[in-house]
Every structure is written in structure tokens, then in C-alpha cells.
Amino acid sequence: MFGRQKKAEFAVIGLGRFGRGVVKMLKEKGFTVLGVDRDPERVQHISEICTQAVVIDSTNEDALRALDIASFDTVVVAIGSDFESNLITTVALKALGVRRVICKALSTRQKEILLRVGADEVIQPEADAGRRLGLELASPNLLDQISLGDEHSVLEVRIPASMVGKTLVELDFRNRYNAAVVAVKHEKSVTVAPGGDIVLLPNDVIVVIGRTTEITHLAEMT
């Protein structure tokens, strides 16, 4: 009989608005989360939500070692305005053997530097939010988007009027958009892995996976 897999543990360094948001979501999902910040007020603010919250200077490698930071599966460096601290912390974490370090960056240049010094992943929240808003404004049928790496996405799209009454075979998503429809959401039911003969009805929503540059055109159709 297989044993239960140990649930991942996370540490979040930098407890500003972005860092607090990461902590809250992880805790809501039932994960163990360590919160770290040099500001006692921020640590106090998040202490009731975190599994543990500590006041340390994350640029101090000895302080990170004392936390046994390398035992955490993923460490999120959510330091925003102080890029020097962000950079030094990232280098220290990789030197201590942290397996996965995800950093926040405020610019493309910062992202490039963090990747060069060993960050496993770098996100730009403001840029990502801006792109998402622009896409939503340009694509009113788009309900949700999940990125799968740099080139592929999963989209949840309200079908345009031009698709109503047609089957998936007729619409031929694979050849027209290099995409696959993985679910069709009706008003009161969901069809997962739908067959080609399913007919799309008014107000249906499709969940599509494919290359982002190609499938986003679906959300722009009328």
C-alpha cells in the first residue's frame, strides 16, 4: 500500500501586499507556510495566517541557514522595491541549496538578472496584470486564462454567436487553431473530453488548450 505523499512546504520572504496574498492563498489551500520579513509590523500582521512568521534580514545567509530554509520545497522572494535585497536573498537561497526559488521582479531587466544568478522562475506581477487586463478588454468573451509556460495556455471562452449550432468536428479546432477542446460548460452541466459530435449551444463556454498566440483569437470572435 502506497504511503501518502508529503505535502509541499513553502516560505515567503517579503510580506508586502504581494507576499501576503501568496501566503493567504497557500494557507487557504492547506499548505505549511513560513512568512519572513525584516519589518516586525508586517510579521505581526501576517502571524495569525502563517504557520510561522519570523523577523529576520533575509540578506543574512547565516540567519536563513538557522531557519533551515533549504528544507522548504519552494521559497518565494516577494521583495519589491529593494532590488538589492531581492538579489542578495536569491543568491543566498541558491547557495544554501533551496530547490526552487521564485522571485518577484519589477522590470524585465530585474527579471534577467535574477534568472542569471539562479532564480528558477521570475514573475512580473504588474506586467502580467497589465497584459491580462489588455487581453480582457480586447477579448470580451475571455473568462479566464491559465498560462502553461511561455507559449501555451488554457482558456475559458464564452462561445461567439458564429459557433452556435455547430459541432466540434465542424469547427475543427485542431487544424484551425492548433488547439484541443477539453471541456464544454453548458448552463447546468459540464461535458469533459467532449466528442466531436457535441453541438454548441447559446451561452456555452469552452475550455481550450493550445498555443497562446493562436487560441487567444477565439476570444476575439463574434
# chains A, B, ... in the order shown; residues from 1 in each chain; ligands from 1
$ residues_around --residues "Leu142 of chain A" --least-positions-apart "3" --cutoff "6 Å" --atoms "only C-alpha atoms" --output "JSON, numbers by chain"
{"A": [139, 157, 219]}
$ residues_around --residues "Thr32 of chain A" --least-positions-apart "4" --cutoff "9 Å" --atoms "only C-alpha atoms" --output "list in words"
Lys7, Ala8, Glu9, Phe10, Ala11, Leu26, Lys27, Cys50, Thr51 and Gln52 of chain A
$ residues_around --residues "segment 65-77 of chain A" --least-positions-apart "6" --cutoff "8 Å" --atoms "only C-alpha atoms" --output "list in words"
Ala8, Glu9, Phe10, Ala11, Val12, Ile13, Gly14, Asn86, Thr89, Thr90, Leu93, Leu96, Gly97, Val98, Arg99, Arg100, Val101, Ile102, Cys103 and Lys104 of chain A
$ residues_around --residues "Leu143 of chain A" --least-positions-apart "4" --cutoff "9 Å" --atoms "only C-alpha atoms" --output "list in words"
Glu136, Leu155, Glu156, Val157, Arg158, Val205 and Ala219 of chain A
$ residues_around --residues "Ala161 of chain A" --least-positions-apart "6" --cutoff "10 Å" --atoms "only C-alpha atoms" --output "MDAnalysis selection string"
chainID A and resid 200:203 221:222
$ write_last_selection --atoms "C-alpha atoms" --output "tab-separated table (two decimals), in the first residue's frame"
chain	number	residue	atom	x	y	z
A	200	LEU	CA	-22.50	24.02	-29.10
A	201	LEU	CA	-25.48	25.89	-27.70
A	202	PRO	CA	-26.07	29.56	-26.87
A	203	ASN	CA	-24.25	30.60	-23.66
A	221	MET	CA	-14.50	36.20	-32.42
A	222	THR	CA	-18.09	37.42	-32.66
$ select_by_dssp --residues "chain A" --states "helix (DSSP H, G or I)" --output "PyMOL selection string"
chain A and resi 17-28+40-46+61-66+69-71+83-95+108-116+125-138+161-163+168-171+173-177+212-220
$ atom_distance --atom1 "atom CA of Asn141 of chain A" --atom2 "atom CA of Val208 of chain A"
13.0 Å
$ closest_residue --among "A:His45, A:His152, A:Lys166, A:Arg174" --to "Thr212 of chain A" --atoms "only C-alpha atoms"
A:His152
